[in-house]
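J.: This is start-v2.cif (mmCIF, N, CA and C atoms).
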```cif
data_run
#
loop_
_atom_site.label_atom_id
_atom_site.label_comp_id
_atom_site.auth_asym_id
_atom_site.auth_seq_id
_atom_site.Cartn_x
_atom_site.Cartn_y
_atom_site.Cartn_z
N MET A 1 -227.45 -12.81 -158.90
CA MET A 1 -228.77 -12.60 -159.46
C MET A 1 -229.43 -13.94 -159.81
N THR A 2 -228.69 -14.82 -160.46
CA THR A 2 -229.30 -16.10 -160.84
C THR A 2 -229.59 -16.95 -159.62
N SER A 3 -228.79 -16.85 -158.57
CA SER A 3 -229.06 -17.66 -157.38
C SER A 3 -230.37 -17.21 -156.71
N GLN A 4 -230.70 -15.92 -156.79
CA GLN A 4 -231.96 -15.45 -156.22
C GLN A 4 -233.15 -15.94 -157.03
N LEU A 5 -233.01 -16.04 -158.33
CA LEU A 5 -234.10 -16.55 -159.16
C LEU A 5 -234.37 -18.02 -158.88
N TRP A 6 -233.33 -18.76 -158.51
CA TRP A 6 -233.52 -20.18 -158.20
C TRP A 6 -234.36 -20.36 -156.94
N LEU A 7 -234.43 -19.34 -156.10
CA LEU A 7 -235.26 -19.43 -154.90
C LEU A 7 -236.75 -19.44 -155.25
N LEU A 8 -237.10 -18.93 -156.42
CA LEU A 8 -238.49 -18.92 -156.84
C LEU A 8 -238.98 -20.28 -157.33
N VAL A 9 -238.07 -21.15 -157.74
CA VAL A 9 -238.46 -22.45 -158.28
C VAL A 9 -239.25 -23.27 -157.27
N PRO A 10 -238.80 -23.43 -156.02
CA PRO A 10 -239.61 -24.21 -155.07
C PRO A 10 -240.98 -23.58 -154.81
N TRP A 11 -241.04 -22.26 -154.80
CA TRP A 11 -242.34 -21.60 -154.59
C TRP A 11 -243.27 -21.85 -155.77
N CYS A 12 -242.75 -21.84 -156.97
CA CYS A 12 -243.57 -22.13 -158.15
C CYS A 12 -244.07 -23.57 -158.12
N VAL A 13 -243.19 -24.49 -157.72
CA VAL A 13 -243.60 -25.90 -157.62
C VAL A 13 -244.67 -26.04 -156.55
N PHE A 14 -244.49 -25.38 -155.42
CA PHE A 14 -245.48 -25.43 -154.35
C PHE A 14 -246.82 -24.85 -154.80
N ALA A 15 -246.78 -23.71 -155.49
CA ALA A 15 -248.02 -23.09 -155.95
C ALA A 15 -248.73 -23.99 -156.96
N LEU A 16 -248.00 -24.61 -157.85
CA LEU A 16 -248.59 -25.52 -158.82
C LEU A 16 -249.21 -26.73 -158.12
N ALA A 17 -248.48 -27.30 -157.16
CA ALA A 17 -249.00 -28.47 -156.43
C ALA A 17 -250.25 -28.09 -155.63
N ALA A 18 -250.24 -26.93 -154.99
CA ALA A 18 -251.40 -26.50 -154.21
C ALA A 18 -252.60 -26.26 -155.12
N GLY A 19 -252.38 -25.67 -156.28
CA GLY A 19 -253.46 -25.44 -157.22
C GLY A 19 -254.06 -26.74 -157.73
N LEU A 20 -253.20 -27.71 -158.05
CA LEU A 20 -253.70 -29.01 -158.51
C LEU A 20 -254.46 -29.74 -157.41
N LYS A 21 -253.95 -29.66 -156.19
CA LYS A 21 -254.63 -30.31 -155.07
C LYS A 21 -256.00 -29.67 -154.83
N PHE A 22 -256.07 -28.35 -154.88
CA PHE A 22 -257.34 -27.65 -154.72
C PHE A 22 -258.31 -28.05 -155.82
N TRP A 23 -257.82 -28.14 -157.06
CA TRP A 23 -258.67 -28.50 -158.20
C TRP A 23 -259.24 -29.91 -158.00
N ARG A 24 -258.40 -30.84 -157.55
CA ARG A 24 -258.86 -32.22 -157.35
C ARG A 24 -259.82 -32.31 -156.17
N LEU A 25 -259.60 -31.54 -155.12
CA LEU A 25 -260.49 -31.60 -153.96
C LEU A 25 -261.86 -31.00 -154.26
N THR A 26 -261.92 -30.01 -155.13
CA THR A 26 -263.19 -29.35 -155.43
C THR A 26 -263.90 -29.96 -156.63
N GLN A 27 -263.32 -30.97 -157.26
CA GLN A 27 -263.93 -31.58 -158.43
C GLN A 27 -265.30 -32.20 -158.13
N PRO A 28 -265.49 -32.94 -157.05
CA PRO A 28 -266.83 -33.49 -156.78
C PRO A 28 -267.88 -32.40 -156.59
N PHE A 29 -267.50 -31.30 -155.96
CA PHE A 29 -268.44 -30.20 -155.78
C PHE A 29 -268.85 -29.61 -157.12
N ARG A 30 -267.87 -29.42 -158.00
CA ARG A 30 -268.18 -28.86 -159.32
C ARG A 30 -269.05 -29.81 -160.13
N GLN A 31 -268.80 -31.12 -160.02
CA GLN A 31 -269.60 -32.09 -160.76
C GLN A 31 -271.03 -32.13 -160.23
N SER A 32 -271.20 -32.10 -158.91
CA SER A 32 -272.55 -32.16 -158.36
C SER A 32 -273.32 -30.89 -158.70
N LYS A 33 -272.63 -29.76 -158.74
CA LYS A 33 -273.29 -28.51 -159.11
C LYS A 33 -273.77 -28.57 -160.56
N ALA A 34 -272.96 -29.13 -161.45
CA ALA A 34 -273.36 -29.26 -162.85
C ALA A 34 -274.52 -30.25 -162.96
N ARG A 35 -274.49 -31.32 -162.17
CA ARG A 35 -275.57 -32.30 -162.20
C ARG A 35 -276.87 -31.67 -161.70
N ASP A 36 -276.78 -30.86 -160.64
CA ASP A 36 -277.96 -30.18 -160.13
C ASP A 36 -278.52 -29.20 -161.16
N GLN A 37 -277.66 -28.53 -161.87
CA GLN A 37 -278.10 -27.58 -162.89
C GLN A 37 -278.84 -28.31 -163.99
N ARG A 38 -278.33 -29.46 -164.42
CA ARG A 38 -279.00 -30.22 -165.46
C ARG A 38 -280.36 -30.71 -164.98
N SER A 39 -280.43 -31.15 -163.75
CA SER A 39 -281.71 -31.65 -163.25
C SER A 39 -282.70 -30.48 -163.11
N ALA A 40 -282.22 -29.32 -162.74
CA ALA A 40 -283.10 -28.15 -162.66
C ALA A 40 -283.62 -27.79 -164.05
N ASP A 41 -282.79 -27.91 -165.06
CA ASP A 41 -283.24 -27.64 -166.43
C ASP A 41 -284.30 -28.65 -166.86
N ALA A 42 -284.11 -29.91 -166.47
CA ALA A 42 -285.10 -30.93 -166.81
C ALA A 42 -286.43 -30.65 -166.12
N VAL A 43 -286.38 -30.25 -164.86
CA VAL A 43 -287.61 -29.92 -164.13
C VAL A 43 -288.29 -28.72 -164.77
N ARG A 44 -287.52 -27.73 -165.13
CA ARG A 44 -288.08 -26.53 -165.77
C ARG A 44 -288.77 -26.90 -167.09
N ALA A 45 -288.13 -27.76 -167.88
CA ALA A 45 -288.71 -28.17 -169.15
C ALA A 45 -290.01 -28.94 -168.93
N ALA A 46 -290.04 -29.81 -167.92
CA ALA A 46 -291.26 -30.57 -167.64
C ALA A 46 -292.38 -29.64 -167.20
N LEU A 47 -292.06 -28.65 -166.37
CA LEU A 47 -293.08 -27.70 -165.93
C LEU A 47 -293.62 -26.87 -167.10
N GLU A 48 -292.72 -26.50 -168.01
CA GLU A 48 -293.18 -25.74 -169.17
C GLU A 48 -294.09 -26.58 -170.06
N ARG A 49 -293.78 -27.87 -170.22
CA ARG A 49 -294.66 -28.75 -171.00
C ARG A 49 -296.02 -28.87 -170.34
N GLN A 50 -296.04 -29.02 -169.01
CA GLN A 50 -297.32 -29.10 -168.30
C GLN A 50 -298.13 -27.83 -168.47
N TRP A 51 -297.46 -26.70 -168.39
CA TRP A 51 -298.13 -25.41 -168.53
C TRP A 51 -298.74 -25.26 -169.93
N GLN A 52 -297.99 -25.68 -170.94
CA GLN A 52 -298.50 -25.60 -172.30
C GLN A 52 -299.70 -26.52 -172.49
N ARG A 53 -299.65 -27.72 -171.90
CA ARG A 53 -300.79 -28.64 -172.01
C ARG A 53 -302.02 -28.08 -171.32
N SER A 54 -301.83 -27.48 -170.14
CA SER A 54 -302.97 -26.95 -169.41
C SER A 54 -303.52 -25.69 -170.07
N ALA A 55 -302.66 -24.93 -170.74
CA ALA A 55 -303.11 -23.72 -171.42
C ALA A 55 -303.90 -24.07 -172.68
N SER A 56 -303.55 -25.18 -173.33
CA SER A 56 -304.25 -25.54 -174.56
C SER A 56 -305.55 -26.28 -174.27
N SER A 57 -305.75 -26.78 -173.06
CA SER A 57 -306.98 -27.53 -172.73
C SER A 57 -308.14 -26.62 -172.46
#
```
Take the structure in this file and express it as structure tokens.
T.:
Amino acid sequence: MTSQLWLLVPWCVFALAAGLKFWRLTQPFRQSKARDQRSADAVRAALERQWQRSASS
């Protein structure tokens, strides 16, 4: 029974390594998506300020 459980150890190590590799490979994509979201929020805020200025004029 214990010898069969030891067969799972390499699979767990492989799964952990694959997950970490995937996380590192997708990190630039996640960062650029967050950067795009922030810039979209800035554009939205600027448009709202323009709208308020034009509505009050």
J.: Grab the atom CA of Arg49 of chain A to atom CA of Arg35 of chain A distance for me, in Å with one decimal place.
T.: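 Atom CA of Arg49 of chain A sits 21.3 Å away from atom CA of Arg35 of chain A.
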J.: Work out how far atom CA of Arg24 of chain A is from atom CA of Trp6 of chain A, in Å to one decimal.
T.: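 The value is 28.1 Å.
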J.: Please compute the atom N of Phe29 of chain A-atom C of Trp11 of chain A distance, one decimal, in Å.
T.: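 Taking atom N of Phe29 of chain A and atom C of Trp11 of chain A, their separation equals 26.0 Å.
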